[in-house]
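Q: protein10.csv (CSV, C-alpha atoms) pasted underneath:
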```csv
chain,number,residue,atom,x,y,z
G,167,ALA,CA,112.6,124.9,86.1
G,168,ASP,CA,114.7,122.5,83.9
G,169,GLY,CA,117.1,120.6,86.2
G,170,GLU,CA,119.4,119.5,83.5
G,171,ALA,CA,119.9,123.1,82.1
G,172,LEU,CA,120.4,124.4,85.7
G,173,TYR,CA,123.0,121.8,86.4
G,174,ALA,CA,125.0,123.3,83.6
G,175,SER,CA,124.1,127.0,84.0
G,176,LYS,CA,124.8,127.1,87.8
G,177,GLY,CA,128.3,125.6,87.3
G,178,CYS,CA,127.7,122.2,89.0
G,179,LEU,CA,129.4,120.3,86.1
G,180,ALA,CA,132.6,122.2,86.6
G,181,CYS,CA,133.4,120.1,89.7
G,182,HIS,CA,131.0,117.1,89.4
G,183,GLY,CA,131.5,116.5,85.7
G,184,ALA,CA,129.0,116.9,82.8
G,185,ASP,CA,127.5,113.5,83.6
G,186,GLY,CA,127.4,114.1,87.3
G,187,LYS,CA,129.7,111.2,88.0
G,188,SER,CA,133.2,112.3,86.9
G,189,PRO,CA,134.3,114.7,89.5
G,190,ILE,CA,137.5,116.7,88.8
G,191,ALA,CA,139.0,115.6,92.1
G,192,PRO,CA,138.6,112.5,94.3
G,193,ALA,CA,137.4,114.8,97.1
G,194,TYR,CA,134.2,115.7,95.2
G,195,PRO,CA,131.4,113.2,95.1
G,196,LYS,CA,129.5,111.7,92.2
G,197,VAL,CA,126.1,113.3,92.4
G,198,VAL,CA,123.8,111.1,90.3
G,199,GLY,CA,121.7,108.2,91.4
G,200,GLN,CA,121.0,109.2,95.0
G,201,SER,CA,117.4,109.8,96.1
G,202,LYS,CA,116.0,113.3,95.2
G,203,GLU,CA,115.4,113.8,98.9
G,204,TYR,CA,119.0,113.2,99.9
G,205,THR,CA,120.3,115.2,96.9
G,206,GLU,CA,118.1,118.1,97.7
G,207,GLN,CA,118.9,118.0,101.4
G,208,GLN,CA,122.7,118.1,100.7
G,209,MET,CA,122.4,121.1,98.5
G,210,LYS,CA,120.2,122.9,101.0
G,211,ASP,CA,122.6,122.0,103.9
G,212,ILE,CA,125.6,123.2,102.0
G,213,LYS,CA,123.8,126.5,101.0
G,214,SER,CA,122.8,127.1,104.7
G,215,GLY,CA,126.2,125.9,106.1
G,216,ALA,CA,124.6,123.0,108.0
G,217,ARG,CA,127.0,120.9,105.9
G,218,SER,CA,130.5,122.5,105.5
G,219,ASN,CA,132.9,119.5,105.7
G,220,GLY,CA,135.6,118.7,103.2
G,221,GLN,CA,135.4,120.8,100.0
G,222,SER,CA,131.7,121.6,100.5
G,223,ALA,CA,132.5,125.0,101.8
G,224,VAL,CA,133.7,125.9,98.3
G,225,MET,CA,130.2,125.1,97.0
G,226,LYS,CA,128.5,127.4,99.5
G,227,GLY,CA,129.1,130.5,97.4
G,228,ILE,CA,127.8,128.8,94.3
G,229,MET,CA,124.6,127.7,96.1
G,230,ALA,CA,123.9,131.3,97.2
G,231,ALA,CA,122.8,131.9,93.6
G,232,VAL,CA,120.5,128.9,93.4
G,233,THR,CA,116.9,129.1,94.7
G,234,ASP,CA,115.1,126.4,96.6
G,235,GLU,CA,112.9,125.7,93.6
G,236,GLU,CA,116.0,125.4,91.4
G,237,ILE,CA,117.6,123.1,93.9
G,238,LYS,CA,114.5,120.8,93.8
G,239,ALA,CA,114.7,120.7,90.0
G,240,ILE,CA,118.4,119.9,90.0
G,241,ALA,CA,117.9,117.2,92.6
G,242,GLU,CA,115.1,115.6,90.5
G,243,PHE,CA,117.3,115.6,87.4
G,244,LEU,CA,120.3,114.1,89.3
G,245,ALA,CA,118.2,111.5,91.0
G,246,SER,CA,116.8,110.4,87.7
G,247,SER,CA,120.2,110.1,86.1
G,248,SER,CA,122.5,107.2,86.6
R,259,ALA,CA,141.1,94.5,107.9
R,260,ASP,CA,138.4,93.1,105.6
R,261,GLY,CA,136.2,96.0,104.5
R,262,GLU,CA,133.3,93.8,103.4
R,263,ALA,CA,133.2,92.0,106.7
R,264,LEU,CA,133.5,95.3,108.6
R,265,TYR,CA,130.6,96.8,106.5
R,266,ALA,CA,128.4,94.1,108.0
R,267,SER,CA,129.9,93.7,111.5
R,268,LYS,CA,129.8,97.5,112.2
R,269,GLY,CA,126.2,97.7,111.3
R,270,CYS,CA,126.5,99.9,108.2
R,271,LEU,CA,124.2,97.6,106.2
R,272,ALA,CA,121.4,98.3,108.6
R,273,CYS,CA,120.8,101.7,107.2
R,274,HIS,CA,122.6,101.6,103.8
R,275,GLY,CA,121.5,98.1,102.7
R,276,ALA,CA,123.5,94.9,102.3
R,277,ASP,CA,124.6,96.0,98.8
R,278,GLY,CA,125.4,99.6,100.0
R,279,LYS,CA,122.8,101.1,97.5
R,280,SER,CA,119.4,100.3,99.0
R,281,PRO,CA,119.1,102.6,102.0
R,282,ILE,CA,116.2,102.0,104.3
R,283,ALA,CA,115.1,105.6,104.0
R,284,PRO,CA,115.4,108.3,101.2
R,285,ALA,CA,117.3,110.4,103.7
R,286,TYR,CA,120.2,108.0,103.7
R,287,PRO,CA,122.7,107.9,100.8
R,288,LYS,CA,123.8,105.0,98.7
R,289,VAL,CA,127.4,104.6,99.7
R,290,VAL,CA,129.0,102.5,96.9
R,291,GLY,CA,130.8,103.8,93.8
R,292,GLN,CA,132.2,107.0,95.3
R,293,SER,CA,136.0,107.5,95.4
R,294,LYS,CA,137.7,105.9,98.4
R,295,GLU,CA,139.0,109.3,99.4
R,296,TYR,CA,135.5,110.8,99.5
R,297,THR,CA,134.0,107.8,101.2
R,298,GLU,CA,136.8,107.7,103.9
R,299,GLN,CA,136.5,111.5,104.5
R,300,GLN,CA,132.7,111.4,105.0
R,301,MET,CA,133.1,108.6,107.6
R,302,LYS,CA,135.9,110.5,109.4
R,303,ASP,CA,133.9,113.7,109.3
R,304,ILE,CA,130.8,112.1,110.7
R,305,LYS,CA,132.9,110.4,113.4
R,306,SER,CA,134.5,113.7,114.4
R,307,GLY,CA,131.3,115.7,114.0
R,308,ALA,CA,132.7,117.9,111.2
R,309,ARG,CA,129.8,116.6,109.3
R,310,SER,CA,126.5,116.3,111.3
R,311,ASN,CA,123.8,117.4,108.8
R,312,GLY,CA,120.7,115.4,108.1
R,313,GLN,CA,120.6,111.9,109.6
R,314,SER,CA,124.4,111.7,109.9
R,315,ALA,CA,124.3,112.6,113.6
R,316,VAL,CA,122.7,109.2,114.1
R,317,MET,CA,125.8,107.6,112.6
R,318,LYS,CA,128.2,109.4,114.9
R,319,GLY,CA,127.6,106.9,117.7
R,320,ILE,CA,128.2,104.0,115.4
R,321,MET,CA,131.5,105.5,114.1
R,322,ALA,CA,132.9,105.8,117.6
R,323,ALA,CA,133.4,102.0,117.5
R,324,VAL,CA,135.2,102.1,114.1
R,325,THR,CA,139.0,102.8,114.0
R,326,ASP,CA,140.6,104.9,111.3
R,327,GLU,CA,142.2,101.7,109.8
R,328,GLU,CA,138.8,100.0,109.7
R,329,ILE,CA,137.3,103.2,108.1
R,330,LYS,CA,140.0,103.0,105.3
R,331,ALA,CA,139.2,99.3,104.7
R,332,ILE,CA,135.4,99.9,104.5
R,333,ALA,CA,136.0,102.9,102.2
R,334,GLU,CA,138.1,100.8,99.9
R,335,PHE,CA,135.5,98.1,99.8
R,336,LEU,CA,132.7,100.5,99.1
R,337,ALA,CA,134.6,102.4,96.4
R,338,SER,CA,135.3,99.1,94.6
R,339,SER,CA,131.7,98.1,94.7
R,340,SER,CA,129.1,99.4,92.3
```
Take the structure from the file and write it as structure tokens.
A:
Amino acid sequence: ADGEALYASKGCLACHGADGKSPIAPAYPKVVGQSKEYTEQQMKDIKSGARSNGQSAVMKGIMAAVTDEEIKAIAEFLASSS
Amino acid sequence: ADGEALYASKGCLACHGADGKSPIAPAYPKVVGQSKEYTEQQMKDIKSGARSNGQSAVMKGIMAAVTDEEIKAIAEFLASSS
């Protein structure tokens, strides 16, 4: 799976910015440059509800349409971006 | 309160690195360069338990010794670092 294409097609850029570091509101994090492990874990935890603080609850619905394999690809793309 | 001094004295650098972007394990995030609002909210949510995913539960004990005013100072310091 192509992480960069998924980052766009799954709507991540709508909140986190096309470059992954210009979120539309201060409450949303920049999502590039973290380790792929941390990035993957946050997406999984938001999808499962293990993380639901702040605005992350908004993201839970979006993550329902993203498979674990797609999450891994997006995480690898974001971790390799800066 | 001096955010940079607090970042050291409260032990944050032990896990997140002296520069805030060299965590000792991939499971811990880099904590510089986010907005001060997001950074402050994550520390508050970990202190309150509203965020307890991944390794953040480890941090809850540490945050018990950090006041809201100190959290704000640390967040401002980290947001202004890169």
Q: Do a least-squares overlay of chain R on chain G, C-alpha atoms all paired in order, then report the RMSD in Å.
A: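 After least-squares fitting, the two copies differ by 0.1 Å C-alpha RMSD.
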Q: Which polymer residues have any atom within 8 Å of an atom of Pro287 in chain R, counting all atoms listed in the file, with same-chain residues fewer than 3 positions away left out, as a PyMOL selection string?
A: (chain G and resi 200-201+204) or (chain R and resi 274+279+281+284)
Q: Residues of chain G that approach chain R to 8 Å or less, counting only C-alpha atoms: could you list each one with the shortest pair of atoms and its distance in Å to one decimal, rows by chain and increasing residue number, as JSON lines?
A:
```
{"residue": "G:Pro192", "atom": "CA", "partner": "R:Ser293", "partner_atom": "CA", "distance": 5.7}
{"residue": "G:Ala193", "atom": "CA", "partner": "R:Tyr296", "partner_atom": "CA", "distance": 5.0}
{"residue": "G:Tyr194", "atom": "CA", "partner": "R:Tyr296", "partner_atom": "CA", "distance": 6.6}
{"residue": "G:Pro195", "atom": "CA", "partner": "R:Gln292", "partner_atom": "CA", "distance": 6.3}
{"residue": "G:Lys196", "atom": "CA", "partner": "R:Gln292", "partner_atom": "CA", "distance": 6.2}
{"residue": "G:Gln200", "atom": "CA", "partner": "R:Pro287", "partner_atom": "CA", "distance": 6.2}
{"residue": "G:Ser201", "atom": "CA", "partner": "R:Pro284", "partner_atom": "CA", "distance": 5.7}
{"residue": "G:Lys202", "atom": "CA", "partner": "R:Pro284", "partner_atom": "CA", "distance": 7.8}
{"residue": "G:Glu203", "atom": "CA", "partner": "R:Pro284", "partner_atom": "CA", "distance": 6.0}
{"residue": "G:Tyr204", "atom": "CA", "partner": "R:Ala285", "partner_atom": "CA", "distance": 5.0}
{"residue": "G:Gln207", "atom": "CA", "partner": "R:Gly312", "partner_atom": "CA", "distance": 7.4}
{"residue": "G:Asp211", "atom": "CA", "partner": "R:Asn311", "partner_atom": "CA", "distance": 6.8}
{"residue": "G:Ala216", "atom": "CA", "partner": "R:Asn311", "partner_atom": "CA", "distance": 5.7}
{"residue": "G:Arg217", "atom": "CA", "partner": "R:Asn311", "partner_atom": "CA", "distance": 5.6}
{"residue": "G:Ser218", "atom": "CA", "partner": "R:Arg309", "partner_atom": "CA", "distance": 7.1}
{"residue": "G:Asn219", "atom": "CA", "partner": "R:Arg309", "partner_atom": "CA", "distance": 5.6}
{"residue": "G:Gly220", "atom": "CA", "partner": "R:Gln299", "partner_atom": "CA", "distance": 7.4}
```
Q: Would you pick out the contacts of Lys210 in chain G at 8 Å or less, using only C-alpha atoms, so that residues sharing its chain but fewer than 4 positions from it are not included, and give the list as a PyMOL selection string?
A: chain G and resi 206+214+234+237
Q: For Asp168 in chain G, find every residue with an atom within 10 Å (counting all atoms listed in the file), except residues of its own chain fewer than 5 positions away, and show them as an MDAnalysis selection string.
A: chainID G and resid 173 236 239:240 242:243
Q: Please produce a file of those selected residues containing C-alpha atoms, as a short mmCIF file (atom, residue, chain, number, x, y, z; two decimals), keeping the file's coordinate frame.
A:
```
data_model
loop_
_atom_site.label_atom_id
_atom_site.label_comp_id
_atom_site.auth_asym_id
_atom_site.auth_seq_id
_atom_site.Cartn_x
_atom_site.Cartn_y
_atom_site.Cartn_z
CA TYR G 173 123.00 121.80 86.40
CA GLU G 236 116.00 125.40 91.40
CA ALA G 239 114.70 120.70 90.00
CA ILE G 240 118.40 119.90 90.00
CA GLU G 242 115.10 115.60 90.50
CA PHE G 243 117.30 115.60 87.40
#
```
Q: Just how far from CA of Lys318 in chain R is CA of Ser340 in chain R, in Å to one decimal?
A: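 Those two atoms sit 24.7 Å apart.
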Q: Just the number, please: distance in Å from CA of Ile282 in chain R to CA of Ala259 in chain R, one decimal.
A: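 Computing the Euclidean distance for CA of Ile282 in chain R and CA of Ala259 in chain R yields 26.3 Å.
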Q: Please report the interatomic distance between CA of Ala241 in chain G and CA of Gly278 in chain R in Å with one decimal.
A: 20.5 Å
Q: Each side padded by 4 Å, which centre and which edge lengths in Å (one decimal) define the axis-aligned box around the listed atoms of range 311-328 of chain R? Give them as AutoDock Vina command-line options.
A:
```
--center_x 131.4 --center_y 108.7 --center_z 112.9 --size_x 29.6 --size_y 25.4 --size_z 17.6
```
Q: Restricting the calculation to all atoms listed in the file, which member of R:Lys330, R:Ala263, R:Leu271, R:Asp277 is positioned closest to Met301 in chain R?
A: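 Smallest separation from Met301 in chain R among the options: R:Lys330.
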